[in-house]
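A.B. asks: Following this message is one structure expressed as structure tokens.
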Amino acid sequence: MRHALLFSVFVVASCGLAYELIAAALSSYVLGDSVTQFSTVIGTYLFAMGVGSWLSKFIERALAVRFIQIELLVGVIGGFSAMLLFMVFAYAAEPFRLVLYGTVFVTGALVGLEIPLIMRILKSEVAFKDLVAQVLSFDYLGALAVSILFPLVLAPRLGLMRSSLLFGLMNVLVALWAIRLFGETLRPARALRAQGVAALLLLLVGFAFAERLTALAEEGIYADQIIHAESTPYQRIVITRWREDIRLFLNGNLQFSSRDEYRYHEALVHPALAALPAARRVLILGGGDGLAAREVLKYPRVESIVLVDLDARMTDLFRRNALLRHLNQGALDSPKLLVANQDALKWLETNQEVFDLVLIDFPDPSNHALGKLYSSAFYRLLEKHLSARGLVVVQATSPFYARKTFWSIVATLEDVGFTTAPYHAYVPSFGEWGYIIAGRTTFTPATSFPVATRFLTPATQRLMFDFPADMARVPAEVNRVNNQSLVRTFEEEWGRVMR
């Protein structure tokens, strides 16, 4: 019995940490700012475990029965937690935070009850010092196992909803195992067994229909028909369609609409590339949809393009899906283009190539993982890969809605020695959108475009470099890796817009 209960500690600890990670990951997906979400969820969960541990002293009788009942409760509540949170966000977003922290607290309190009860059940069989050492060792080993498996295997392969249901099943199986271990010494053994079987069946049904339920939740989040949805190790990719309008969402954030993406990508690529008649080598960081590459490939003089995008599932999707290939005109299959599915920072650190133009098409700095890619350290590293007359172009969010964020990116580029030329363009799906051209010398725009464009003309380009009073430069902090001030500023400014 001792070894069986110690192994149950391993499982219990695994499940407890898994629910915590799932809640934090899900809230960061839908609310952004992963550091805040993980910090607040983990803090609430640990506090709740402390409350549960304190409450355990009031359980004086039938310890094994109470342990089994708590396992069943944790299994059902924790197992269905991701499903509940998805549904609440999709159909009643206002109380999402209340439900999130309420679920985390209840789950944490129940998990906090488990370990003290197991220790009290085992105290007659094991000396106290050995009991504490063994129980805590198995507890920490379980936490280690899940902390490794969750980001590498569970989240990308099963998704958040199925992962939570899987751990719920594990809790219920521990309860059923405990019923068998203690046998008929449990007074309500038959009732407990019936409760365990009911919880098991409920979770199995949830697991079987998890994909449909995920789709149902996402239908409430996205207004248009979902034609593709998948979770990768790095993000949730959703493609929607309404008539001829194809839209890409990453972690719930709109990345482009096929109705007006040409405005965004022409503004990103052509002002700089048209001003570099000698440009032969182009680096694209981000841009796994191939739309920026499509615009670069309009220039016959460009001999090679390297596209660095972290997510291989993203580039594969936009290479193989006929609808998406039509949008990027098969750019990802061009013999001129090489795709490297790596972290951009690591790629720059390990690669020695030099480029005439670098296009930075990362998502907005909504979390610290992205914020580092807008930092002075990143731009300093990038400068080493730029040819003598080369240029960098950075997509830099909206100078209207996130004015201080935009000018913070400008200040960060200037801090590492770049001369900047900020500009903006109107993209209907996003409003006024900002870009920055950076180089070692003052930028001089081209007077004409040597390739066909749908939006850009020399006249519209001149207006893009002029900032009206409500978007004009304001004092802004340089974004450094050690403080990530840009992420905080971004969240504050866009948070006001979304209210």
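For the structure tokens, the naming scheme is as follows: chains receive sequential letters (A, B, ...) according to their order of presentation, residues are indexed from 1 within each chain, and ligands are indexed from 1 in presentation order.
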Counting only C-alpha atoms, what is within 10 Å of Gly196 of chain A, bar same-chain residues fewer than 4 positions away, as number ranges by chain?
C.D. replies: A: 68-69, 71-73, 75, 171-177, 179, 190-192, 200-202
A.B. asks: Nearest to Ala340 of chain A: which of A:Ile226, A:Ala312, A:Val497, A:Leu317 is it, counting only C-alpha atoms?
C.D. replies: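 Answer, going by the shortest atom-to-atom distance: A:Ala312.
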A.B. asks: Using only C-alpha atoms, which of the listed residues (A:Arg97, A:His326, A:Arg473, A:Arg294) sits closest to Val410 of chain A?
C.D. replies: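 Among the listed residues, A:Arg473 lies closest to Val410 of chain A.
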A.B. asks: Write out as a ChimeraX atom specification the set of residues from segment 177-321 of chain A that DSSP, computed on the backbone, places in strand (DSSP E or B).
C.D. replies: /A:225-231,236-242,245-250,253-257,281-286,304-308
A.B. asks: Could you save those same residues with C-alpha atoms as a tab-separated table (two decimals), in the first residue's frame?
C.D. replies:
chain	number	residue	atom	x	y	z
A	225	GLN	CA	-16.60	30.26	-40.67
A	226	ILE	CA	-13.48	28.49	-39.38
A	227	ILE	CA	-11.85	26.60	-42.23
A	228	HIS	CA	-8.69	25.56	-40.41
A	229	ALA	CA	-7.67	25.43	-36.76
A	230	GLU	CA	-4.71	23.77	-35.07
A	231	SER	CA	-2.49	24.10	-32.05
A	236	ARG	CA	-3.01	28.51	-31.95
A	237	ILE	CA	-3.54	29.00	-35.70
A	238	VAL	CA	-7.07	29.74	-36.92
A	239	ILE	CA	-8.07	30.54	-40.50
A	240	THR	CA	-11.57	31.91	-41.14
A	241	ARG	CA	-13.51	32.67	-44.30
A	242	TRP	CA	-16.48	34.85	-45.16
A	245	ASP	CA	-12.33	37.27	-47.20
A	246	ILE	CA	-9.72	34.92	-45.70
A	247	ARG	CA	-8.38	35.85	-42.27
A	248	LEU	CA	-5.49	34.53	-40.19
A	249	PHE	CA	-5.60	34.63	-36.38
A	250	LEU	CA	-2.70	33.67	-34.13
A	253	ASN	CA	-5.20	38.05	-32.71
A	254	LEU	CA	-5.91	39.04	-36.32
A	255	GLN	CA	-2.79	38.89	-38.49
A	256	PHE	CA	-4.28	39.72	-41.89
A	257	SER	CA	-7.44	39.92	-43.95
A	281	ARG	CA	19.93	39.38	-50.70
A	282	VAL	CA	16.85	39.76	-48.49
A	283	LEU	CA	16.15	38.39	-45.00
A	284	ILE	CA	12.57	38.11	-43.73
A	285	LEU	CA	12.12	37.52	-40.00
A	286	GLY	CA	8.62	36.25	-39.28
A	304	SER	CA	17.97	35.09	-52.72
A	305	ILE	CA	15.57	35.34	-49.80
A	306	VAL	CA	15.96	33.71	-46.40
A	307	LEU	CA	12.73	33.49	-44.40
A	308	VAL	CA	13.15	32.71	-40.69
A.B. asks: Calculated over only C-alpha atoms, which of the candidates A:Val487, A:Val296, A:Val427, A:Ala155 has the smallest distance to Asp364 of chain A?
C.D. replies: A:Val487
A.B. asks: Need to verify the contact set: Leu154 of chain A, 10 Å, only C-alpha atoms, exclusion of same-chain residues closer than 6 positions in sequence. Can you return it as number ranges by chain?
C.D. replies: A: 18, 146, 148, 160, 162-164, 166, 233
A.B. asks: Take the residues that were just selected and, keeping N, CA and C atoms, output them as a PDB file, in the first residue's frame.
C.D. replies:
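For reference, part.pdb as written:
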ATOM      1  N   ALA A  18      -0.291  20.448 -13.858  1.00  0.00           N
ATOM      2  CA  ALA A  18      -0.859  20.535 -15.210  1.00  0.00           C
ATOM      3  C   ALA A  18      -2.041  21.505 -15.248  1.00  0.00           C
ATOM      4  N   VAL A 146       5.680  16.854 -15.549  1.00  0.00           N
ATOM      5  CA  VAL A 146       4.685  17.629 -16.297  1.00  0.00           C
ATOM      6  C   VAL A 146       5.274  18.904 -16.876  1.00  0.00           C
ATOM      7  N   ILE A 148       8.055  19.345 -18.106  1.00  0.00           N
ATOM      8  CA  ILE A 148       8.766  19.018 -19.343  1.00  0.00           C
ATOM      9  C   ILE A 148       7.796  18.575 -20.433  1.00  0.00           C
ATOM     10  N   LEU A 160      -5.022  22.276 -25.266  1.00  0.00           N
ATOM     11  CA  LEU A 160      -5.271  22.558 -23.856  1.00  0.00           C
ATOM     12  C   LEU A 160      -6.479  21.805 -23.322  1.00  0.00           C
ATOM     13  N   ARG A 162      -7.962  18.889 -24.343  1.00  0.00           N
ATOM     14  CA  ARG A 162      -7.740  17.457 -24.156  1.00  0.00           C
ATOM     15  C   ARG A 162      -6.681  17.180 -23.091  1.00  0.00           C
ATOM     16  N   SER A 163      -5.705  18.070 -22.969  1.00  0.00           N
ATOM     17  CA  SER A 163      -4.695  17.883 -21.921  1.00  0.00           C
ATOM     18  C   SER A 163      -5.334  17.941 -20.541  1.00  0.00           C
ATOM     19  N   SER A 164      -6.222  18.915 -20.322  1.00  0.00           N
ATOM     20  CA  SER A 164      -6.865  19.009 -19.007  1.00  0.00           C
ATOM     21  C   SER A 164      -7.755  17.795 -18.746  1.00  0.00           C
ATOM     22  N   LEU A 166      -7.283  14.794 -19.957  1.00  0.00           N
ATOM     23  CA  LEU A 166      -6.386  13.662 -19.714  1.00  0.00           C
ATOM     24  C   LEU A 166      -5.952  13.620 -18.254  1.00  0.00           C
ATOM     25  N   PRO A 233       3.294  23.795 -31.259  1.00  0.00           N
ATOM     26  CA  PRO A 233       4.051  24.020 -30.025  1.00  0.00           C
ATOM     27  C   PRO A 233       4.185  25.489 -29.642  1.00  0.00           C
TER      28      PRO A 233
END
A.B. asks: Sorted by chain and rising residue number, which residues of segment 252-272 of chain A lie within 7 Å of segment 438-461 of chain A, and what are their closest atom pairs and distances in Å to one decimal, counting only C-alpha atoms, as a tab-separated table?
C.D. replies:
residue	atom	partner	partner_atom	distance
A:Arg263	CA	A:Phe455	CA	5.8
A:Glu266	CA	A:Leu456	CA	6.9
A:Pro271	CA	A:Pro445	CA	6.5
A.B. asks: If you measure from atom CA of Tyr264 of chain A to atom CA of Met464 of chain A, what distance in Å do you get, rounded to one decimal?
C.D. replies: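 These two atoms are separated by 12.4 Å.
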A.B. asks: Quote the spacing between atom CA of Ala178 of chain A and atom CA of Ala64 of chain A in Å to one decimal place.
C.D. replies: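 Atom CA of Ala64 of chain A lies 7.9 Å from atom CA of Ala178 of chain A.
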A.B. asks: Using only C-alpha atoms for the distances, tell me which of A:Ser39, A:Leu332, A:Ala199, A:Leu63 is nearest to Lys123 of chain A.
C.D. replies: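 The answer is A:Leu63, which sits nearest to Lys123 of chain A.
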A.B. asks: Within 9 Å of segment 99-118 of chain A, which residues of segment 61-90 of chain A come that close, and what is the closest atom pair and distance in Å for each? Count only C-alpha atoms and give it as a Markdown table.
C.D. replies:
| residue | atom | partner | partner_atom | distance |
| --- | --- | --- | --- | --- |
| A:Leu63 | CA | A:Leu117 | CA | 6.5 |
| A:Ala64 | CA | A:Leu117 | CA | 7.9 |
| A:Arg66 | CA | A:Leu117 | CA | 8.3 |
| A:Phe67 | CA | A:Glu114 | CA | 6.3 |
| A:Ile70 | CA | A:Leu110 | CA | 6.4 |
| A:Glu71 | CA | A:Glu114 | CA | 7.7 |
| A:Leu73 | CA | A:Leu110 | CA | 7.8 |
| A:Val74 | CA | A:Thr107 | CA | 6.1 |
| A:Ile77 | CA | A:Thr107 | CA | 6.9 |
| A:Gly78 | CA | A:Thr107 | CA | 6.2 |
| A:Ser81 | CA | A:Thr103 | CA | 6.9 |
| A:Leu84 | CA | A:Val99 | CA | 8.5 |
| A:Leu85 | CA | A:Leu100 | CA | 6.6 |
| A:Val88 | CA | A:Val99 | CA | 7.9 |
A.B. asks: May I have the residues from that selection written out with N, CA, C and O atoms, as a PDB file, in the first residue's frame?
C.D. replies:
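Written out: selection.pdb:
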ATOM      1  N   LEU A  63     -10.209   9.210   6.515  1.00  0.00           N
ATOM      2  CA  LEU A  63      -9.232   9.920   5.686  1.00  0.00           C
ATOM      3  C   LEU A  63      -9.166   9.362   4.272  1.00  0.00           C
ATOM      4  O   LEU A  63      -9.075  10.120   3.307  1.00  0.00           O
ATOM      5  N   ALA A  64      -9.199   8.039   4.152  1.00  0.00           N
ATOM      6  CA  ALA A  64      -9.119   7.423   2.825  1.00  0.00           C
ATOM      7  C   ALA A  64     -10.335   7.794   1.980  1.00  0.00           C
ATOM      8  O   ALA A  64     -10.214   8.089   0.775  1.00  0.00           O
ATOM      9  N   ARG A  66     -12.191  10.499   2.280  1.00  0.00           N
ATOM     10  CA  ARG A  66     -12.089  11.913   1.910  1.00  0.00           C
ATOM     11  C   ARG A  66     -11.052  12.112   0.794  1.00  0.00           C
ATOM     12  O   ARG A  66     -11.253  12.910  -0.115  1.00  0.00           O
ATOM     13  N   PHE A  67      -9.949  11.363   0.884  1.00  0.00           N
ATOM     14  CA  PHE A  67      -8.936  11.457  -0.175  1.00  0.00           C
ATOM     15  C   PHE A  67      -9.535  11.054  -1.527  1.00  0.00           C
ATOM     16  O   PHE A  67      -9.332  11.734  -2.540  1.00  0.00           O
ATOM     17  N   ILE A  70     -11.949  13.740  -2.796  1.00  0.00           N
ATOM     18  CA  ILE A  70     -11.217  14.918  -3.284  1.00  0.00           C
ATOM     19  C   ILE A  70     -10.608  14.633  -4.651  1.00  0.00           C
ATOM     20  O   ILE A  70     -10.648  15.484  -5.549  1.00  0.00           O
ATOM     21  N   GLU A  71     -10.055  13.417  -4.832  1.00  0.00           N
ATOM     22  CA  GLU A  71      -9.496  13.051  -6.136  1.00  0.00           C
ATOM     23  C   GLU A  71     -10.548  13.134  -7.236  1.00  0.00           C
ATOM     24  O   GLU A  71     -10.287  13.622  -8.348  1.00  0.00           O
ATOM     25  N   LEU A  73     -13.279  14.962  -7.216  1.00  0.00           N
ATOM     26  CA  LEU A  73     -13.615  16.376  -7.435  1.00  0.00           C
ATOM     27  C   LEU A  73     -12.547  17.074  -8.264  1.00  0.00           C
ATOM     28  O   LEU A  73     -12.852  17.815  -9.205  1.00  0.00           O
ATOM     29  N   VAL A  74     -11.274  16.853  -7.906  1.00  0.00           N
ATOM     30  CA  VAL A  74     -10.178  17.468  -8.666  1.00  0.00           C
ATOM     31  C   VAL A  74     -10.226  17.002 -10.109  1.00  0.00           C
ATOM     32  O   VAL A  74     -10.043  17.791 -11.050  1.00  0.00           O
ATOM     33  N   ILE A  77     -13.380  18.780 -11.840  1.00  0.00           N
ATOM     34  CA  ILE A  77     -13.233  20.243 -11.939  1.00  0.00           C
ATOM     35  C   ILE A  77     -12.005  20.614 -12.762  1.00  0.00           C
ATOM     36  O   ILE A  77     -12.081  21.434 -13.687  1.00  0.00           O
ATOM     37  N   GLY A  78     -10.859  20.010 -12.428  1.00  0.00           N
ATOM     38  CA  GLY A  78      -9.650  20.302 -13.191  1.00  0.00           C
ATOM     39  C   GLY A  78      -9.738  19.806 -14.622  1.00  0.00           C
ATOM     40  O   GLY A  78      -9.310  20.488 -15.549  1.00  0.00           O
ATOM     41  N   SER A  81     -11.791  22.144 -16.666  1.00  0.00           N
ATOM     42  CA  SER A  81     -11.487  23.567 -16.473  1.00  0.00           C
ATOM     43  C   SER A  81     -11.200  24.287 -17.790  1.00  0.00           C
ATOM     44  O   SER A  81     -11.700  25.395 -18.020  1.00  0.00           O
ATOM     45  N   LEU A  84     -14.445  24.743 -19.735  1.00  0.00           N
ATOM     46  CA  LEU A  84     -15.263  25.791 -19.118  1.00  0.00           C
ATOM     47  C   LEU A  84     -14.735  27.175 -19.468  1.00  0.00           C
ATOM     48  O   LEU A  84     -15.503  28.074 -19.859  1.00  0.00           O
ATOM     49  N   LEU A  85     -13.416  27.362 -19.365  1.00  0.00           N
ATOM     50  CA  LEU A  85     -12.835  28.676 -19.620  1.00  0.00           C
ATOM     51  C   LEU A  85     -12.970  29.079 -21.092  1.00  0.00           C
ATOM     52  O   LEU A  85     -13.255  30.238 -21.402  1.00  0.00           O
ATOM     53  N   VAL A  88     -16.658  30.101 -21.579  1.00  0.00           N
ATOM     54  CA  VAL A  88     -16.974  31.384 -20.946  1.00  0.00           C
ATOM     55  C   VAL A  88     -16.410  32.530 -21.779  1.00  0.00           C
ATOM     56  O   VAL A  88     -17.093  33.530 -22.028  1.00  0.00           O
TER      57      VAL A  88
END
A.B. asks: Just the helix (DSSP H, G or I) stuff from segment 19-239 of chain A, please, per backbone DSSP, written as a VMD selection string.
C.D. replies: chain A and resid 19 to 31 34 to 58 63 to 79 81 to 91 96 to 122 128 to 185 189 to 208 210 to 221
A.B. asks: Of the residues A:Pro335, A:Gly417, A:Gly142, A:Gly290, which is the one nearest to His265 of chain A, using only C-alpha atoms?
C.D. replies: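 That would be A:Gly290, the residue with the smallest distance to His265 of chain A.
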